[in-house]
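K.L.:
Just dropping this structure here.
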Amino acid sequence: MNRRARRDALVFLAFAAPNLVLIAMFTYRPLILNIQYSMLDWTLGSRTATFIGLGNYVEFFTSDEGLTSLRITAIFTLFTVGGAMVLGLLIALALNINIPGRTIARSAVFAPYVLSGVGVGLVWLFIFDPNFGALGWILRQLGMGSPQWFLDPQMSLVMVIIVYVWKNLGYCAIVYLGGLQSLPQDVMHAAQLDGAGAVRRFFSISIPLLSPTTFFLLITTTLNSLQAFDLLRIMTPTGRGTNTMIFESYLQAFGGYSRAGYSATISVLLFVILIVMTVAQIMFVERKVHYA
């Protein structure tokens, strides 16, 4: 290396070394330790642990609790991602119309996304309360009874899906709105002159040109849904019907079981799922993305 190359290398190290050290200490070191803990039979707080190899992994895939958490994670992710993206696109279409007050409407739609998940969960707890909640009152006025949102595991899952979609659809709407506003208007005008209606232009032109935006949202919302925790913890503290993998990991470690090793196993499996889904989306889904 010549003098200039050595100087550039030293400058790079001077700026990058602190960040690399922090990333190694607070990201990769905990990850490696978590993999190590996942192979132990370790009770949280105990000074001793027994090495059991892949025993925790075998238990997860052979126990009803482990398979149930996998199923709930898949259902929660599918409906929250799909619901937020579909409703977000429809809202973005409405917000893209040039009408008075649209700036206020955009702010109102995006506001829930920046709110604390704990605060949102507490507010919606009162709304879903069967006896005193606003939703129960509306249903009684319509001659209907309120479902037992907190006692029925299936209804608990429906409840948290509704709230999570409501909280995050503003993010999808704003991102889709940016994509709609960046569409080439000359192409839209040409299609209109050729006699294509609004519905035809939307499905034949807008949707294909929005594929990069859709691909971006698919990755980000999927990762966010797989890691959703605050709403689940606040609205269903015991995890009845809502114990996704990340919530099950929390319950195993801090929910009374104190199984730190088994909790680490679930965390490692969730990390693997995140990596596999991200790589799969990049390798296969991106092939259908049309970059203008």
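Residue names in the structure tokens use chain letters A, B, ... in the order shown, residue numbers from 1 in each chain, and ligand numbers from 1 in the order shown.
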Neighbouring residues of segment 15-32 of chain A were defined as those with any atom within 10 Å, considering only C-alpha atoms; residues of the same chain fewer than 3 positions away were excluded. Please report them as a ChimeraX atom specification.
P.N.:
/A:10-12,35-37,264,267-268,271
K.L.:
Using only C-alpha atoms, I'd like a table of the residues in segment 55-145 of chain A that come within 12 Å of segment 207-210 of chain A; for each, show the closest atom pair and its distance in Å rounded to one decimal, ordered by chain and ascending number, as JSON lines.
P.N.:
```
{"residue": "A:Val86", "atom": "CA", "partner": "A:Ile207", "partner_atom": "CA", "distance": 11.8}
{"residue": "A:Leu89", "atom": "CA", "partner": "A:Ile207", "partner_atom": "CA", "distance": 10.0}
{"residue": "A:Leu90", "atom": "CA", "partner": "A:Ile207", "partner_atom": "CA", "distance": 11.9}
{"residue": "A:Leu93", "atom": "CA", "partner": "A:Ile207", "partner_atom": "CA", "distance": 11.7}
```
K.L.:
Just the helix (DSSP H, G or I) stuff from segment 149-192 of chain A, please, per backbone DSSP, written as a PyMOL selection string.
P.N.:
chain A and resi 153-181+185-192
K.L.:
With segment 142-159 of chain A as the partner and 10 Å as the cut-off, tabulate the residues of segment 169-239 of chain A that qualify, each row holding the nearest pair of atoms and their distance in Å to one decimal, using only C-alpha atoms, sorted by chain and rising number, as a Markdown table.
P.N.:
```
| residue | atom | partner | partner_atom | distance |
| --- | --- | --- | --- | --- |
| A:Leu232 | CA | A:Leu157 | CA | 9.1 |
| A:Met235 | CA | A:Phe150 | CA | 8.4 |
| A:Thr236 | CA | A:Phe150 | CA | 7.2 |
| A:Gly239 | CA | A:Pro153 | CA | 8.6 |
```
K.L.:
Could you list, as a list in words, every residue within 12 Å of Ile75 of chain A, counting only C-alpha atoms and ignoring same-chain residues fewer than 4 positions away?
P.N.:
Thr68, Ser69, Leu70, Arg71, Phe79, Thr80, Val81, Gly82, Gly83, Gln154, Leu157, Val158, Val160, Ile161, Thr222, Ser225, Leu226, Gly241, Thr242, Asn243, Thr244 and Met245 of chain A
K.L.:
Using only N, CA, C and O atoms, please write the residues we just selected to a file, as an mmCIF file, in the first residue's frame.
P.N.:
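Below is the file result-v4.cif, written as the result:
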```
data_model
loop_
_atom_site.group_PDB
_atom_site.id
_atom_site.type_symbol
_atom_site.label_atom_id
_atom_site.label_comp_id
_atom_site.auth_asym_id
_atom_site.auth_seq_id
_atom_site.Cartn_x
_atom_site.Cartn_y
_atom_site.Cartn_z
ATOM 1 N N THR A 68 -48.200 -24.300 18.209
ATOM 2 C CA THR A 68 -49.251 -23.278 18.296
ATOM 3 C C THR A 68 -48.691 -21.885 18.099
ATOM 4 O O THR A 68 -49.288 -21.051 17.401
ATOM 5 N N SER A 69 -47.539 -21.599 18.698
ATOM 6 C CA SER A 69 -46.936 -20.276 18.519
ATOM 7 C C SER A 69 -46.527 -20.051 17.068
ATOM 8 O O SER A 69 -46.637 -18.931 16.554
ATOM 9 N N LEU A 70 -46.063 -21.105 16.391
ATOM 10 C CA LEU A 70 -45.744 -20.978 14.965
ATOM 11 C C LEU A 70 -46.992 -20.647 14.156
ATOM 12 O O LEU A 70 -46.981 -19.767 13.280
ATOM 13 N N ARG A 71 -48.094 -21.357 14.441
ATOM 14 C CA ARG A 71 -49.339 -21.124 13.705
ATOM 15 C C ARG A 71 -49.870 -19.715 13.959
ATOM 16 O O ARG A 71 -50.268 -19.010 13.023
ATOM 17 N N PHE A 79 -52.297 -11.681 8.199
ATOM 18 C CA PHE A 79 -53.426 -10.756 8.215
ATOM 19 C C PHE A 79 -52.992 -9.320 8.494
ATOM 20 O O PHE A 79 -53.586 -8.386 7.948
ATOM 21 N N THR A 80 -51.981 -9.132 9.328
ATOM 22 C CA THR A 80 -51.551 -7.756 9.604
ATOM 23 C C THR A 80 -50.831 -7.153 8.400
ATOM 24 O O THR A 80 -51.051 -5.985 8.065
ATOM 25 N N VAL A 81 -49.986 -7.932 7.760
ATOM 26 C CA VAL A 81 -49.281 -7.427 6.574
ATOM 27 C C VAL A 81 -50.260 -7.193 5.433
ATOM 28 O O VAL A 81 -50.281 -6.124 4.813
ATOM 29 N N GLY A 82 -51.084 -8.202 5.146
ATOM 30 C CA GLY A 82 -52.051 -8.054 4.054
ATOM 31 C C GLY A 82 -53.058 -6.953 4.310
ATOM 32 O O GLY A 82 -53.353 -6.136 3.428
ATOM 33 N N GLY A 83 -53.590 -6.889 5.544
ATOM 34 C CA GLY A 83 -54.579 -5.863 5.860
ATOM 35 C C GLY A 83 -54.004 -4.465 5.787
ATOM 36 O O GLY A 83 -54.625 -3.552 5.220
ATOM 37 N N GLN A 154 -59.576 -17.142 20.213
ATOM 38 C CA GLN A 154 -59.697 -16.769 18.808
ATOM 39 C C GLN A 154 -60.074 -15.299 18.655
ATOM 40 O O GLN A 154 -59.524 -14.590 17.796
ATOM 41 N N LEU A 157 -57.107 -12.975 19.312
ATOM 42 C CA LEU A 157 -56.223 -12.829 18.157
ATOM 43 C C LEU A 157 -56.826 -11.874 17.135
ATOM 44 O O LEU A 157 -56.117 -11.030 16.570
ATOM 45 N N VAL A 158 -58.128 -11.992 16.897
ATOM 46 C CA VAL A 158 -58.799 -11.054 15.981
ATOM 47 C C VAL A 158 -58.670 -9.624 16.495
ATOM 48 O O VAL A 158 -58.420 -8.684 15.723
ATOM 49 N N VAL A 160 -56.308 -8.194 18.449
ATOM 50 C CA VAL A 160 -54.982 -7.591 18.306
ATOM 51 C C VAL A 160 -54.624 -7.381 16.827
ATOM 52 O O VAL A 160 -53.903 -6.437 16.492
ATOM 53 N N ILE A 161 -55.151 -8.214 15.952
ATOM 54 C CA ILE A 161 -54.916 -8.005 14.514
ATOM 55 C C ILE A 161 -55.576 -6.707 14.066
ATOM 56 O O ILE A 161 -54.987 -5.906 13.329
ATOM 57 N N THR A 222 -43.523 -7.072 7.040
ATOM 58 C CA THR A 222 -43.366 -8.459 7.487
ATOM 59 C C THR A 222 -42.412 -8.539 8.676
ATOM 60 O O THR A 222 -42.690 -9.206 9.677
ATOM 61 N N SER A 225 -44.172 -7.075 11.752
ATOM 62 C CA SER A 225 -45.217 -7.937 12.310
ATOM 63 C C SER A 225 -44.616 -9.125 13.054
ATOM 64 O O SER A 225 -45.122 -9.525 14.104
ATOM 65 N N LEU A 226 -43.555 -9.696 12.514
ATOM 66 C CA LEU A 226 -42.925 -10.825 13.186
ATOM 67 C C LEU A 226 -42.321 -10.427 14.528
ATOM 68 O O LEU A 226 -42.148 -11.267 15.413
ATOM 69 N N GLY A 241 -54.172 -17.096 23.171
ATOM 70 C CA GLY A 241 -54.494 -17.034 21.754
ATOM 71 C C GLY A 241 -53.654 -16.066 20.965
ATOM 72 O O GLY A 241 -53.807 -15.986 19.745
ATOM 73 N N THR A 242 -52.765 -15.321 21.618
ATOM 74 C CA THR A 242 -51.943 -14.331 20.907
ATOM 75 C C THR A 242 -50.454 -14.562 21.132
ATOM 76 O O THR A 242 -49.655 -13.660 20.902
ATOM 77 N N ASN A 243 -50.100 -15.751 21.581
ATOM 78 C CA ASN A 243 -48.689 -16.010 21.886
ATOM 79 C C ASN A 243 -47.913 -16.304 20.601
ATOM 80 O O ASN A 243 -47.635 -17.450 20.252
ATOM 81 N N THR A 244 -47.565 -15.233 19.886
ATOM 82 C CA THR A 244 -46.658 -15.354 18.755
ATOM 83 C C THR A 244 -45.289 -15.792 19.275
ATOM 84 O O THR A 244 -45.056 -15.876 20.480
ATOM 85 N N MET A 245 -44.375 -16.034 18.386
ATOM 86 C CA MET A 245 -43.077 -16.570 18.810
ATOM 87 C C MET A 245 -42.346 -15.598 19.734
ATOM 88 O O MET A 245 -41.773 -16.004 20.746
#
```
K.L.:
Might you pull out every residue within 6 Å of segment 169-185 of chain A, with only C-alpha atoms counted and same-chain residues fewer than 3 positions away left off, and present them as a list of chain:residue names?
P.N.:
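Using only C-alpha atoms, the neighbours found are A:Ala84, A:Met85, A:Gly88, A:Leu89, A:Ile91, A:Ala92, A:Val109, A:Phe110, A:Val165, A:Trp166, A:Met188.
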K.L.:
Excluding same-chain residues fewer than 4 positions from Leu122 of chain A, what lies within 8 Å of it counting only C-alpha atoms, as a PyMOL selection string?
P.N.:
chain A and resi 118+126+234-235
K.L.:
If you count only C-alpha atoms, which residues fall within 9 Å of Ala191 of chain A, apart from same-chain ones fewer than 6 positions away, as an MDAnalysis selection string?
P.N.:
chainID A and resid 197 201 205
K.L.:
So, with only C-alpha atoms as the atoms that count, which of A:Ala228, A:Ala14, A:Leu193, A:Leu44 lies closest to Tyr257 of chain A?
P.N.:
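Among the listed residues, A:Leu44 lies closest to Tyr257 of chain A.
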K.L.:
Rounded to one decimal, what separation in Å do you get between atom CA of Ser211 of chain A and atom CA of Met283 of chain A?
P.N.:
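If I compute the distance from atom CA of Ser211 of chain A to atom CA of Met283 of chain A, I get 14.9 Å.
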K.L.:
Go through A:Leu87, A:Pro237, A:Ile275, A:Asn98 one by one, measure the shortest atom-to-atom distance of each to Phe254 of chain A using only C-alpha atoms, and give the residue with the smallest value.
P.N.:
A:Pro237
K.L.:
Can you tell me, as a ChimeraX atom specification, which residues in segment 38-151 of chain A count as strand (DSSP E or B) by DSSP?
P.N.:
/A:40-41,43,50-51
K.L.:
Please measure the separation of atom CA of Phe284 of chain A and atom CA of Val272 of chain A, giving the value in Å to one decimal.
P.N.:
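We find that atom CA of Phe284 of chain A and atom CA of Val272 of chain A lie 17.8 Å from each other.
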